[in-house]
$ cat my_file_38.cif   # mmCIF, C-alpha atoms and all ligand atoms
data_start
loop_
_atom_site.label_atom_id
_atom_site.label_comp_id
_atom_site.auth_asym_id
_atom_site.auth_seq_id
_atom_site.Cartn_x
_atom_site.Cartn_y
_atom_site.Cartn_z
CA MET E 25 -11.64 18.42 29.78
CA ASP E 26 -9.49 15.80 28.08
CA ILE E 27 -5.82 15.50 29.02
CA PRO E 28 -3.77 16.99 26.11
CA GLY E 29 -2.82 14.21 23.72
CA LEU E 30 -5.49 11.83 25.02
CA PRO E 31 -7.86 12.13 21.99
CA ALA E 32 -5.02 11.07 19.66
CA ARG E 33 -4.33 7.97 21.81
CA ARG E 34 -8.03 7.13 22.04
CA ALA E 35 -8.23 7.40 18.26
CA ALA E 36 -5.17 5.14 17.89
CA LEU E 37 -6.92 2.58 20.10
CA ASN E 38 -10.08 2.82 17.97
CA LEU E 39 -8.02 2.35 14.80
CA LEU E 40 -6.42 -0.79 16.24
CA ASP E 41 -9.82 -2.10 17.26
CA ALA E 42 -11.29 -1.46 13.79
CA VAL E 43 -8.42 -3.31 12.09
CA LEU E 44 -8.05 -6.21 14.51
CA ARG E 45 -11.64 -6.91 15.47
CA ARG E 46 -13.66 -5.66 12.52
CA GLY E 47 -11.10 -6.36 9.78
CA GLU E 48 -11.32 -2.81 8.40
CA THR E 49 -8.47 -1.07 6.61
CA MET E 50 -6.91 1.91 8.40
CA GLU E 51 -8.31 4.07 5.60
CA GLN E 52 -11.86 2.76 6.15
CA ALA E 53 -11.54 3.19 9.91
CA ALA E 54 -9.94 6.63 9.80
CA SER E 55 -12.96 8.90 9.35
CA GLY E 56 -14.82 7.39 12.31
CA ALA E 57 -11.83 6.84 14.58
CA LEU E 58 -10.32 10.29 14.00
CA SER E 59 -13.55 12.31 14.07
CA ARG E 60 -12.88 13.71 17.55
CA VAL E 61 -9.22 14.51 17.01
CA ARG E 62 -8.50 18.15 16.26
CA GLY E 63 -5.64 19.24 14.03
CA ASP E 64 -3.58 17.48 11.38
CA ALA E 65 -0.66 16.93 13.76
CA ASP E 66 -2.73 14.94 16.25
CA ARG E 67 -4.50 13.02 13.50
CA GLY E 68 -1.09 12.16 12.02
CA LEU E 69 0.10 11.09 15.48
CA ALA E 70 -2.91 8.79 15.99
CA LYS E 71 -2.24 7.09 12.64
CA ALA E 72 1.49 6.81 13.33
CA ILE E 73 0.87 5.19 16.73
CA ALA E 74 -1.62 2.67 15.30
CA SER E 75 0.68 1.91 12.33
CA GLU E 76 3.71 1.28 14.53
CA ALA E 77 1.64 -0.85 16.93
CA LEU E 78 0.51 -2.98 13.96
CA ARG E 79 3.95 -3.12 12.32
CA TRP E 80 5.58 -4.37 15.56
CA ARG E 81 2.59 -6.12 17.11
CA VAL E 82 4.09 -9.62 17.35
CA ASP E 83 7.18 -8.24 19.15
CA LEU E 84 5.18 -5.87 21.35
CA ASP E 85 2.95 -8.77 22.39
CA ALA E 86 5.99 -10.90 23.22
CA LEU E 87 7.22 -8.12 25.53
CA ILE E 88 3.78 -7.80 27.13
CA ASP E 89 3.58 -11.57 27.65
CA SER E 90 7.06 -11.61 29.21
CA ALA E 91 5.84 -9.22 31.91
CA THR E 92 2.47 -10.76 32.81
CA ARG E 93 1.97 -13.79 35.03
CA GLN E 94 -1.27 -14.73 33.33
CA ARG E 95 -1.37 -14.25 29.56
CA LEU E 96 -3.79 -11.48 28.53
CA PRO E 97 -6.36 -12.60 25.93
CA GLU E 98 -5.56 -11.51 22.35
CA ASP E 99 -8.45 -9.05 22.27
CA ALA E 100 -8.16 -7.71 25.83
CA LYS E 101 -8.29 -3.93 26.02
CA PRO E 102 -5.26 -3.65 28.35
CA ARG E 103 -3.21 -5.51 25.73
CA ALA E 104 -4.20 -3.00 23.03
CA VAL E 105 -3.50 -0.04 25.33
CA LEU E 106 -0.10 -1.51 26.20
CA GLU E 107 0.66 -2.02 22.49
CA ILE E 108 -0.07 1.66 21.95
CA MET E 109 1.99 2.81 24.92
CA LEU E 110 4.95 0.62 23.98
CA ALA E 111 4.79 1.57 20.29
CA GLN E 112 5.17 5.19 21.36
CA ALA E 113 7.99 4.58 23.83
CA LEU E 114 9.95 2.12 21.68
CA ARG E 115 9.27 3.42 18.14
CA LEU E 116 8.15 7.04 18.30
CA GLU E 117 10.49 8.34 21.00
CA THR E 118 7.62 9.36 23.27
CA PRO E 119 8.99 9.78 26.84
CA PRO E 120 7.62 6.95 29.03
CA HIS E 121 5.90 9.41 31.42
CA ALA E 122 3.97 10.89 28.47
CA ALA E 123 2.97 7.42 27.23
CA ILE E 124 1.71 6.67 30.76
CA ALA E 125 -0.14 9.98 31.16
CA THR E 126 -1.99 9.55 27.86
CA GLY E 127 -2.36 5.76 27.88
CA LEU E 128 -3.58 4.77 31.32
CA PRO E 129 -6.69 7.05 31.24
CA LEU E 130 -7.96 4.74 28.46
CA LEU E 131 -8.43 2.09 31.17
CA THR E 132 -9.99 2.00 34.62
CA GLY E 133 -9.64 -0.03 37.84
CA GLY E 134 -7.71 -3.31 37.78
CA PRO E 135 -6.81 -3.21 34.06
CA ARG E 136 -5.31 0.26 34.56
CA ARG E 137 -3.15 -0.98 37.44
CA LEU E 138 -2.13 -4.01 35.43
CA ALA E 139 -1.11 -1.92 32.38
CA HIS E 140 0.81 0.49 34.62
CA GLY E 141 2.68 -2.41 36.24
CA VAL E 142 3.55 -4.12 32.91
CA PHE E 143 4.66 -0.91 31.21
CA SER E 144 6.78 0.21 34.20
CA THR E 145 8.43 -3.22 34.47
CA LEU E 146 9.33 -3.23 30.79
CA MET E 147 10.70 0.32 30.93
CA LYS E 148 12.81 -0.52 34.03
CA GLN E 149 14.16 -3.61 32.26
CA GLY E 150 15.19 -1.43 29.31
CA ALA E 151 12.95 -3.39 26.91
CA THR E 152 13.79 -2.98 23.21
CA LEU E 153 12.45 -4.26 19.90
CA PRO E 154 14.47 -6.38 17.45
CA PRO E 155 15.93 -4.57 14.39
CA VAL E 156 13.38 -6.30 12.12
CA PRO E 157 9.72 -6.89 13.02
CA THR E 158 8.61 -10.50 13.50
CA LEU E 159 5.83 -11.37 11.05
CA PRO E 160 2.70 -13.22 12.24
CA ASP E 161 3.20 -16.99 11.76
CA LYS E 162 0.60 -17.36 9.01
CA VAL E 163 2.11 -14.47 7.05
CA ARG E 164 5.59 -16.01 7.36
CA GLU E 165 4.25 -19.29 6.02
CA ARG E 166 2.62 -17.61 3.04
CA TRP E 167 5.68 -15.54 2.12
CA GLY E 168 7.99 -18.54 2.47
CA GLN E 169 11.63 -18.01 1.56
CA ARG E 170 11.19 -14.26 1.06
CA ALA E 171 9.61 -13.71 4.50
CA ASP E 172 12.79 -12.57 6.28
CA ALA E 173 13.82 -10.19 3.51
CA ILE E 174 10.31 -8.74 3.32
CA ALA E 175 10.23 -8.30 7.12
CA ALA E 176 13.46 -6.28 6.87
CA GLY E 177 11.71 -4.03 4.33
CA VAL E 178 8.70 -3.66 6.63
CA ALA E 179 10.82 -2.26 9.49
CA LEU E 180 10.40 1.32 8.27
CA PRO E 181 7.66 3.23 6.48
CA PRO E 182 8.73 3.78 2.87
CA PRO E 183 10.29 6.84 1.23
CA LEU E 184 8.20 9.19 -0.95
CA ASP E 185 8.20 8.29 -4.66
CA LEU E 186 7.06 10.72 -7.35
CA SER E 187 6.21 10.01 -11.00
CA LEU E 188 6.96 12.84 -13.41
CA ARG E 189 4.55 13.97 -16.10
CA ASP E 190 7.58 14.55 -18.33
CA PRO E 191 10.12 11.71 -17.93
CA ALA E 192 12.54 13.63 -20.19
CA ALA E 193 12.94 16.11 -17.31
CA THR E 194 14.01 13.47 -14.76
CA THR E 195 17.50 14.91 -14.09
CA GLU E 196 16.12 18.43 -13.74
CA TRP E 197 13.41 17.41 -11.23
CA THR E 198 15.71 15.09 -9.30
CA GLU E 199 18.12 17.99 -8.72
CA ARG E 200 15.38 20.54 -8.09
CA LEU E 201 13.71 18.37 -5.42
CA GLY E 202 16.98 17.05 -3.99
CA GLY E 203 16.10 13.37 -4.48
CA ILE E 204 17.46 10.31 -6.25
CA SER E 205 16.07 8.64 -9.35
CA LEU E 206 15.88 4.89 -9.96
CA ALA E 207 14.17 5.04 -13.38
CA PRO E 208 13.22 7.59 -16.02
CA GLY E 209 10.31 9.65 -14.71
CA HIS E 210 10.96 8.63 -11.09
CA VAL E 211 12.18 10.77 -8.16
CA ARG E 212 12.60 9.41 -4.63
CA LEU E 213 12.58 11.69 -1.56
CA PRO E 214 13.00 10.89 2.13
CA ARG E 215 9.92 9.61 3.94
CA GLY E 216 7.86 12.21 5.70
CA THR E 217 8.48 14.88 3.03
CA PRO E 218 5.34 17.09 3.01
CA VAL E 219 3.90 16.56 -0.46
CA GLU E 220 1.82 19.69 -1.02
CA ALA E 221 4.67 22.03 -0.11
CA LEU E 222 6.97 20.59 -2.79
CA ASP E 223 7.86 22.40 -6.01
CA GLY E 224 5.74 21.25 -8.92
CA PHE E 225 2.73 20.03 -6.89
CA ARG E 226 0.38 22.85 -7.85
CA GLU E 227 1.41 22.83 -11.49
CA GLY E 228 0.89 19.03 -11.63
CA ALA E 229 4.45 18.24 -12.71
CA TRP E 230 4.31 14.95 -10.79
CA TRP E 231 2.12 12.70 -8.66
CA VAL E 232 2.84 10.37 -5.74
CA GLN E 233 3.32 6.74 -6.85
CA ASP E 234 5.51 3.97 -5.48
CA LEU E 235 8.24 2.87 -7.90
CA ALA E 236 6.79 -0.66 -8.13
CA ALA E 237 3.35 0.75 -8.97
CA THR E 238 4.84 2.53 -12.00
CA LEU E 239 6.10 -0.69 -13.60
CA PRO E 240 2.84 -2.07 -15.11
CA ALA E 241 2.23 1.04 -17.25
CA ARG E 242 5.92 1.26 -18.21
CA LEU E 243 5.64 -2.27 -19.63
CA LEU E 244 3.12 -1.08 -22.24
CA GLY E 245 5.70 1.35 -23.67
CA PRO E 246 4.88 4.57 -25.56
CA GLY E 247 1.28 4.92 -26.73
CA GLU E 248 1.77 6.82 -30.00
CA GLY E 249 -1.94 7.57 -30.05
CA ARG E 250 -3.06 3.95 -29.61
CA ARG E 251 -6.07 3.08 -27.44
CA VAL E 252 -5.61 1.60 -23.98
CA LEU E 253 -8.20 0.52 -21.42
CA ASP E 254 -7.07 1.16 -17.85
CA LEU E 255 -9.33 -1.33 -16.14
CA CYS E 256 -9.71 -0.71 -12.39
CA ALA E 257 -8.14 2.70 -12.77
CA ALA E 258 -8.87 4.76 -9.66
CA PRO E 259 -7.33 6.82 -8.11
CA GLY E 260 -5.42 6.99 -11.35
CA GLY E 261 -1.63 6.74 -10.97
CA LYS E 262 -1.42 4.44 -13.98
CA THR E 263 -3.98 6.42 -15.97
CA LEU E 264 -1.75 9.49 -15.60
CA GLN E 265 1.33 7.54 -16.68
CA LEU E 266 -0.43 6.12 -19.74
CA ALA E 267 -1.84 9.50 -20.77
CA ALA E 268 1.59 11.09 -20.29
CA ALA E 269 3.12 8.32 -22.44
CA GLY E 270 0.87 9.24 -25.39
CA TRP E 271 -1.88 6.63 -25.02
CA GLU E 272 -5.52 7.48 -25.71
CA VAL E 273 -6.82 6.28 -22.35
CA THR E 274 -10.20 4.96 -21.27
CA ALA E 275 -10.10 4.79 -17.46
CA LEU E 276 -12.75 2.56 -15.90
CA ASP E 277 -13.53 1.91 -12.25
CA ILE E 278 -16.55 0.89 -10.21
CA SER E 279 -16.00 3.42 -7.42
CA LYS E 280 -17.49 6.87 -7.94
CA ARG E 281 -15.63 8.26 -4.91
CA ARG E 282 -12.26 6.98 -6.11
CA MET E 283 -13.01 8.21 -9.64
CA GLU E 284 -13.48 11.72 -8.24
CA ARG E 285 -9.87 11.50 -7.07
CA LEU E 286 -8.87 10.33 -10.56
CA ALA E 287 -10.66 13.31 -12.10
CA ASP E 288 -8.87 15.67 -9.64
CA ASN E 289 -5.55 14.10 -10.57
CA LEU E 290 -6.24 14.55 -14.29
CA GLU E 291 -7.18 18.17 -13.71
CA ARG E 292 -4.10 18.94 -11.59
CA THR E 293 -1.73 17.39 -14.13
CA GLY E 294 -3.53 18.71 -17.24
CA LEU E 295 -3.68 15.18 -18.69
CA TYR E 296 -6.70 13.67 -20.44
CA ALA E 297 -8.52 10.34 -20.18
CA ARG E 298 -12.05 9.25 -20.98
CA VAL E 299 -13.58 8.40 -17.62
CA VAL E 300 -16.09 5.54 -17.18
CA ILE E 301 -17.71 4.61 -13.87
CA ALA E 302 -18.94 1.04 -14.29
CA ASP E 303 -18.66 -2.51 -13.03
CA ALA E 304 -16.13 -4.22 -15.29
CA LEU E 305 -18.04 -7.46 -14.80
CA ASN E 306 -21.05 -6.01 -16.69
CA TRP E 307 -19.58 -3.30 -18.90
CA VAL E 308 -18.99 -3.99 -22.61
CA PRO E 309 -16.67 -1.82 -24.74
CA GLU E 310 -17.77 -0.46 -28.12
CA ALA E 311 -14.54 -1.59 -29.78
CA PRO E 312 -11.47 -3.65 -28.82
CA PHE E 313 -8.35 -1.93 -27.46
CA ASP E 314 -4.70 -1.97 -28.51
CA ALA E 315 -3.84 -2.60 -24.87
CA VAL E 316 -5.54 -3.37 -21.58
CA LEU E 317 -3.95 -2.73 -18.20
CA LEU E 318 -5.70 -4.65 -15.45
CA ASP E 319 -4.45 -3.39 -12.09
CA ALA E 320 -6.80 -5.69 -10.27
CA PRO E 321 -8.38 -5.30 -6.85
CA CYS E 322 -6.35 -7.42 -4.45
CA THR E 323 -5.46 -7.99 -0.81
CA ALA E 324 -2.76 -5.28 -1.14
CA THR E 325 -0.34 -7.17 1.08
CA GLY E 326 2.47 -5.71 -1.04
CA THR E 327 1.79 -2.33 0.56
CA CYS E 328 2.56 -3.68 4.06
CA ARG E 329 5.23 -1.01 4.67
CA ARG E 330 2.71 1.82 4.54
CA HIS E 331 -0.34 -0.26 5.52
CA PRO E 332 0.87 -2.68 8.21
CA ASP E 333 -2.78 -3.50 8.97
CA VAL E 334 -2.59 -6.03 6.09
CA LEU E 335 -0.25 -8.14 8.26
CA HIS E 336 -3.15 -8.80 10.63
CA ARG E 337 -6.38 -8.60 8.70
CA ILE E 338 -5.63 -10.57 5.52
CA GLY E 339 -6.05 -14.34 5.63
CA GLU E 340 -7.09 -17.21 3.39
CA ARG E 341 -10.70 -16.01 3.15
CA GLN E 342 -9.79 -12.56 1.81
CA ILE E 343 -7.21 -14.04 -0.58
CA GLU E 344 -9.77 -16.51 -1.96
CA GLU E 345 -12.37 -13.75 -2.44
CA MET E 346 -9.92 -11.58 -4.35
CA THR E 347 -8.62 -14.49 -6.41
CA GLN E 348 -12.12 -15.24 -7.67
CA LEU E 349 -12.81 -11.62 -8.59
CA GLN E 350 -9.43 -11.28 -10.35
CA ALA E 351 -10.08 -14.42 -12.42
CA ARG E 352 -13.42 -13.02 -13.62
CA LEU E 353 -11.88 -9.64 -14.47
CA LEU E 354 -8.98 -11.30 -16.31
CA ALA E 355 -11.34 -13.42 -18.38
CA ARG E 356 -13.18 -10.29 -19.54
CA ALA E 357 -10.00 -8.31 -20.20
CA CYS E 358 -8.70 -11.07 -22.51
CA ASP E 359 -11.76 -10.64 -24.75
CA TRP E 360 -11.30 -6.91 -25.25
CA LEU E 361 -7.98 -6.88 -27.10
CA SER E 362 -7.57 -6.21 -30.81
CA ALA E 363 -5.25 -8.47 -32.87
CA GLY E 364 -1.67 -7.93 -31.70
CA GLY E 365 -2.88 -6.11 -28.59
CA SER E 366 -1.14 -6.35 -25.21
CA LEU E 367 -2.51 -7.23 -21.80
CA VAL E 368 -0.70 -6.33 -18.59
CA TYR E 369 -2.00 -7.81 -15.34
CA ALA E 370 -0.81 -6.39 -12.02
CA VAL E 371 -1.63 -6.81 -8.33
CA CYS E 372 0.01 -5.12 -5.34
CA SER E 373 -0.18 -8.42 -3.49
CA LEU E 374 2.53 -10.74 -2.21
CA GLU E 375 0.25 -13.75 -2.44
CA ARG E 376 1.08 -16.32 -5.14
CA ALA E 377 -2.62 -17.17 -5.51
CA GLU E 378 -3.27 -13.62 -6.72
CA GLY E 379 -0.14 -13.45 -8.89
CA GLU E 380 1.76 -16.41 -10.31
CA GLU E 381 -1.16 -18.85 -9.99
CA GLN E 382 -3.62 -16.41 -11.51
CA ALA E 383 -1.33 -15.69 -14.48
CA ARG E 384 -1.01 -19.39 -15.28
CA LYS E 385 -4.70 -19.50 -16.23
CA VAL E 386 -4.57 -16.71 -18.86
CA PRO E 387 -5.24 -18.18 -22.34
CA LEU E 388 -3.06 -15.68 -24.29
CA ALA E 389 0.53 -15.91 -25.54
CA PRO E 390 2.97 -14.65 -22.85
CA ASN E 391 4.99 -11.61 -23.87
CA PRO E 392 7.89 -12.07 -21.43
CA ILE E 393 9.10 -9.07 -19.42
CA ARG E 394 12.79 -8.34 -20.07
CA ALA E 395 15.38 -7.14 -17.55
CA ASP E 396 16.24 -4.17 -19.79
CA GLU E 397 12.69 -2.83 -19.29
CA LEU E 398 13.14 -2.67 -15.50
CA PRO E 399 15.00 -0.44 -13.04
CA LEU E 400 18.50 -1.66 -12.21
CA GLY E 401 18.41 -4.34 -9.51
CA LEU E 402 15.09 -5.91 -10.56
CA SER E 403 14.83 -8.94 -12.80
CA PRO E 404 11.97 -10.99 -14.21
CA GLU E 405 11.47 -14.64 -13.39
CA ASN E 406 9.93 -16.93 -16.01
CA GLY E 407 8.89 -13.84 -17.97
CA SER E 408 6.89 -12.21 -15.17
CA LEU E 409 7.93 -9.83 -12.42
CA ARG E 410 7.66 -10.22 -8.67
CA THR E 411 8.73 -7.27 -6.51
CA ASP E 412 8.71 -7.11 -2.72
CA PRO E 413 9.73 -4.70 0.05
CA GLY E 414 12.93 -6.70 0.62
CA GLN E 415 14.31 -5.66 -2.79
CA LEU E 416 16.36 -2.51 -3.56
CA GLY E 417 16.81 -2.21 0.21
CA GLU E 418 19.81 0.14 0.02
CA GLN E 419 17.82 2.61 -2.05
CA GLY E 420 14.75 2.49 0.22
CA GLY E 421 12.90 -0.58 -1.09
CA LEU E 422 9.67 -0.79 -3.05
CA ASP E 423 6.15 -2.18 -2.73
CA GLY E 424 5.30 -5.78 -3.53
CA PHE E 425 3.73 -6.38 -6.96
CA PHE E 426 3.18 -9.23 -9.35
CA ILE E 427 3.14 -8.21 -13.02
CA ALA E 428 2.74 -10.28 -16.20
CA ARG E 429 2.21 -9.44 -19.86
CA TRP E 430 0.60 -11.23 -22.82
CA SER E 431 -0.09 -10.53 -26.50
CA HIS E 432 -3.22 -11.32 -28.46
CA SER E 433 -2.31 -13.22 -31.62
C1 LIG I 1 -5.58 -1.68 -7.10
S1 LIG I 1 -6.87 -0.53 -7.22
C2 LIG I 1 -6.48 0.35 -8.70
C3 LIG I 1 -5.37 1.36 -8.57
C4 LIG I 1 -5.20 2.18 -9.83
N1 LIG I 1 -4.97 1.37 -10.99
C5 LIG I 1 -4.09 3.20 -9.71
O1 LIG I 1 -3.02 3.00 -10.28
O2 LIG I 1 -4.30 4.23 -9.07
C6 LIG I 1 -8.22 -1.54 -7.73
C7 LIG I 1 -9.45 -0.80 -8.17
O3 LIG I 1 -10.38 -1.77 -8.66
C8 LIG I 1 -11.67 -1.20 -8.55
N2 LIG I 1 -12.66 -2.27 -8.74
C9 LIG I 1 -12.96 -3.29 -7.92
N3 LIG I 1 -13.91 -4.08 -8.46
C10 LIG I 1 -14.21 -3.55 -9.67
C11 LIG I 1 -15.12 -3.91 -10.70
N4 LIG I 1 -15.91 -4.98 -10.60
N5 LIG I 1 -15.18 -3.12 -11.79
C12 LIG I 1 -14.39 -2.04 -11.91
N6 LIG I 1 -13.52 -1.65 -10.96
C13 LIG I 1 -13.41 -2.40 -9.85
C14 LIG I 1 -11.64 -0.55 -7.16
O4 LIG I 1 -12.63 0.44 -7.05
C15 LIG I 1 -10.20 0.00 -7.12
O5 LIG I 1 -10.18 1.35 -7.44
#
$ encode --input "my_file_38.cif" --output "structure tokens" --more "lines below"
Ligand SMILES: C[S@@+](CC[C@H](N)C(=O)[O-])C[C@H]1O[C@@H](n2cnc3c(N)ncnc32)[C@H](O)[C@@H]1O
Amino acid sequence: MDIPGLPARRAALNLLDAVLRRGETMEQAASGALSRVRGDADRGLAKAIASEALRWRVDLDALIDSATRQRLPEDAKPRAVLEIMLAQALRLETPPHAAIATGLPLLTGGPRRLAHGVFSTLMKQGATLPPVPTLPDKVRERWGQRADAIAAGVALPPPLDLSLRDPAATTEWTERLGGISLAPGHVRLPRGTPVEALDGFREGAWWVQDLAATLPARLLGPGEGRRVLDLCAAPGGKTLQLAAAGWEVTALDISKRRMERLADNLERTGLYARVVIADALNWVPEAPFDAVLLDAPCTATGTCRRHPDVLHRIGERQIEEMTQLQARLLARACDWLSAGGSLVYAVCSLERAEGEEQARKVPLAPNPIRADELPLGLSPENGSLRTDPGQLGEQGGLDGFFIARWSHS
């Protein structure tokens, strides 16, 4: 018989291992790592422990190193178990005796004694974490001047953002759900709000979508029956926005599984889009479009608040791979616009190679983004928009995106 709570900690350890050693996303690792954990509460706990261990890993490791005579190797199991135990005690308010009772059984022999000694020493010393997580050195270098502000935004998981099917009803829904609104069609609720229990979920009055992720579709304006291609569409947040804004939408994505989620989202909200499952690198449209929204596959480092695994598994190799794919997708998207048509390119990445540098290569006329098109507190730079988790901090922040817009002459 397992000790109560042990399967959740074992799963957290497996999640860490999948991210740090195999470079998987938490989402990819979840089905395997959580298969032996019963109940939503324990599965949620396993994910929360792994997320907090990843979010604070640099600081947790500094504590561990301060309490060991000989530095533990990066990939040593006792280090990972200690990260999990400390993340619980210092971030999730788990009593130290419970962290010990559910952590140490993950080790045996000498490593177990070592972990016990290190954890007890740190607890006796009253170890704490800094107010803002320290970013890994390479991440700090890449994010340059914005690194400190972004780190401050990474300290907490984000609030819950909803996009409304009917932006005209923003005040009504904001009051009904008890949230705040930072833009028409947007309602923000405290993090941890259970989504499916909220008013309006069943009737499809809204869907979950970070405020920053709503900006690319907003920048295409009202559709008035015009044709838009939502290229790389699944699971469909932007497709829903475009359909709700009166566009005739063709939603294309390569992933059948993710497109099933898009179809579910369309059904729940009662919105319509033509759905195409295809590789955008081979697919050819029958006719040009009035607009193309390319929300390109990317390293997703802009989602580091909810997916702190990106802080540890994304490096130059992954950025280069994505940059090449984005360039090929952009080149195709440029060819599919009718005269006067608009192209919006977006990535939820904080990497300049995927954003600013990619946009520089687009051979169309820039259609600069204006401040009056954006929520208060955000402003474009050189006609494009860069958001990051360090912005709008007092209102709960937002994901990191790069967005640019062009017109076909
Ligand atoms: C950033 S996500 C899109 C998110 C989506 N726009 C939304 O708002 O919900 C990128 C998508 O690109 C898709 N993708 C990657 N390579 C592709 C390709 N060659 N052709 C079409 N879709 C591709 C992935 O399956 C993934 O769903």
$ closest_residue --input "my_file_38.cif" --among "E:Asp254, E:Asp41, E:Asp26, E:Glu310" --to "ligand LIG 1 (chain I)" --atoms "all atoms listed in the file"
E:Asp254
$ closest_atom_pairs --input "my_file_38.cif" --of "chain E" --to "ligand LIG 1 (chain I)" --cutoff "9 Å" --atoms "all atoms listed in the file" --output "tab-separated table"
residue	atom	partner	partner_atom	distance
E:Gln233	CA	I:LIG1	O1	8.1
E:Ala237	CA	I:LIG1	O1	6.9
E:Thr238	CA	I:LIG1	O1	8.1
E:Ala241	CA	I:LIG1	O1	8.9
E:Asp254	CA	I:LIG1	N1	7.2
E:Leu255	CA	I:LIG1	C12	6.6
E:Cys256	CA	I:LIG1	O3	3.9
E:Ala257	CA	I:LIG1	N1	3.9
E:Ala258	CA	I:LIG1	O5	4.3
E:Pro259	CA	I:LIG1	O2	4.1
E:Gly260	CA	I:LIG1	O2	3.8
E:Gly261	CA	I:LIG1	O1	4.0
E:Lys262	CA	I:LIG1	O1	4.3
E:Thr263	CA	I:LIG1	O1	6.7
E:Leu264	CA	I:LIG1	O1	8.5
E:Gln265	CA	I:LIG1	O1	9.0
E:Ala275	CA	I:LIG1	N1	8.9
E:Leu276	CA	I:LIG1	C12	6.3
E:Asp277	CA	I:LIG1	N6	3.8
E:Ile278	CA	I:LIG1	C12	4.0
E:Ser279	CA	I:LIG1	O4	4.5
E:Lys280	CA	I:LIG1	O4	8.1
E:Arg281	CA	I:LIG1	O4	8.6
E:Arg282	CA	I:LIG1	O5	6.1
E:Met283	CA	I:LIG1	O5	7.7
E:Leu286	CA	I:LIG1	O2	7.8
E:Ile301	CA	I:LIG1	C12	7.7
E:Ala302	CA	I:LIG1	C12	6.0
E:Asp303	CA	I:LIG1	N5	3.7
E:Ala304	CA	I:LIG1	N5	3.8
E:Leu305	CA	I:LIG1	N4	5.3
E:Asn306	CA	I:LIG1	N4	8.0
E:Trp307	CA	I:LIG1	N5	8.4
E:Leu317	CA	I:LIG1	N1	8.4
E:Leu318	CA	I:LIG1	N1	7.5
E:Asp319	CA	I:LIG1	N1	4.9
E:Ala320	CA	I:LIG1	C6	5.1
E:Pro321	CA	I:LIG1	C6	3.9
E:Cys322	CA	I:LIG1	C1	6.4
E:Thr323	CA	I:LIG1	C1	8.9
E:Ala324	CA	I:LIG1	C1	7.5
E:Leu349	CA	I:LIG1	N4	7.6
E:Gln350	CA	I:LIG1	N3	8.7
E:Arg352	CA	I:LIG1	N4	8.9
E:Leu353	CA	I:LIG1	N4	7.3
E:Ala370	CA	I:LIG1	C1	8.3
E:Val371	CA	I:LIG1	C1	6.6
E:Cys372	CA	I:LIG1	C1	6.8
$ closest_residue --input "my_file_38.cif" --among "E:Gly417, E:Gly270, E:Gly424, E:Gly202" --to "Glu248 of chain E" --atoms "all atoms listed in the file"
E:Gly270
$ atom_distance --input "my_file_38.cif" --atom1 "atom CA of Asp66 of chain E" --atom2 "atom CA of Arg34 of chain E"
11.1 Å
$ atom_distance --input "my_file_38.cif" --atom1 "atom CA of Glu165 of chain E" --atom2 "atom CA of Ile343 of chain E"
14.2 Å
$ closest_residue --input "my_file_38.cif" --among "E:Arg79, E:Arg285, E:Arg226, E:Arg341" --to "Ala176 of chain E" --atoms "all atoms listed in the file"
E:Arg79
$ residues_around --input "my_file_38.cif" --residues "segment 148-156 of chain E" --least-positions-apart "3" --cutoff "8 Å" --atoms "all atoms listed in the file" --output "PyMOL selection string"
chain E and resi 83-84+87+114+144-145+175-176+178-179
$ write_last_selection --input "my_file_38.cif" --atoms "C-alpha atoms" --output "tab-separated table (two decimals), in the frame of the given file"
chain	number	residue	atom	x	y	z
E	83	ASP	CA	7.18	-8.24	19.15
E	84	LEU	CA	5.18	-5.87	21.35
E	87	LEU	CA	7.22	-8.12	25.53
E	114	LEU	CA	9.95	2.12	21.68
E	144	SER	CA	6.78	0.21	34.20
E	145	THR	CA	8.43	-3.22	34.47
E	175	ALA	CA	10.23	-8.30	7.12
E	176	ALA	CA	13.46	-6.28	6.87
E	178	VAL	CA	8.70	-3.66	6.63
E	179	ALA	CA	10.82	-2.26	9.49
$ residues_around --input "my_file_38.cif" --residues "segment 126-128 of chain E" --least-positions-apart "2" --cutoff "8 Å" --atoms "all atoms listed in the file" --output "MDAnalysis selection string"
chainID E and resid 27:30 33 105:106 108:109 122:124 130:132 136 139:140
$ atom_distance --input "my_file_38.cif" --atom1 "atom CA of Ala42 of chain E" --atom2 "atom CA of Pro135 of chain E"
20.8 Å
$ closest_residue --input "my_file_38.cif" --among "E:Asp185, E:Glu405, E:Glu378, E:Glu107" --to "Gln419 of chain E" --atoms "only C-alpha atoms"
E:Asp185
$ residues_around --input "my_file_38.cif" --residues "Leu361 of chain E" --least-positions-apart "4" --cutoff "9 Å" --atoms "all atoms listed in the file" --output "tab-separated table (two decimals) with C-alpha atoms, in the frame of the given file"
chain	number	residue	atom	x	y	z
E	311	ALA	CA	-14.54	-1.59	-29.78
E	312	PRO	CA	-11.47	-3.65	-28.82
E	313	PHE	CA	-8.35	-1.93	-27.46
E	314	ASP	CA	-4.70	-1.97	-28.51
E	315	ALA	CA	-3.84	-2.60	-24.87
E	316	VAL	CA	-5.54	-3.37	-21.58
E	357	ALA	CA	-10.00	-8.31	-20.20
E	365	GLY	CA	-2.88	-6.11	-28.59
E	366	SER	CA	-1.14	-6.35	-25.21
E	367	LEU	CA	-2.51	-7.23	-21.80
E	431	SER	CA	-0.09	-10.53	-26.50
E	432	HIS	CA	-3.22	-11.32	-28.46
$ closest_residue --input "my_file_38.cif" --among "E:Pro240, E:Gly401, E:Pro97, E:Gly339" --to "Arg429 of chain E" --atoms "only C-alpha atoms"
E:Pro240
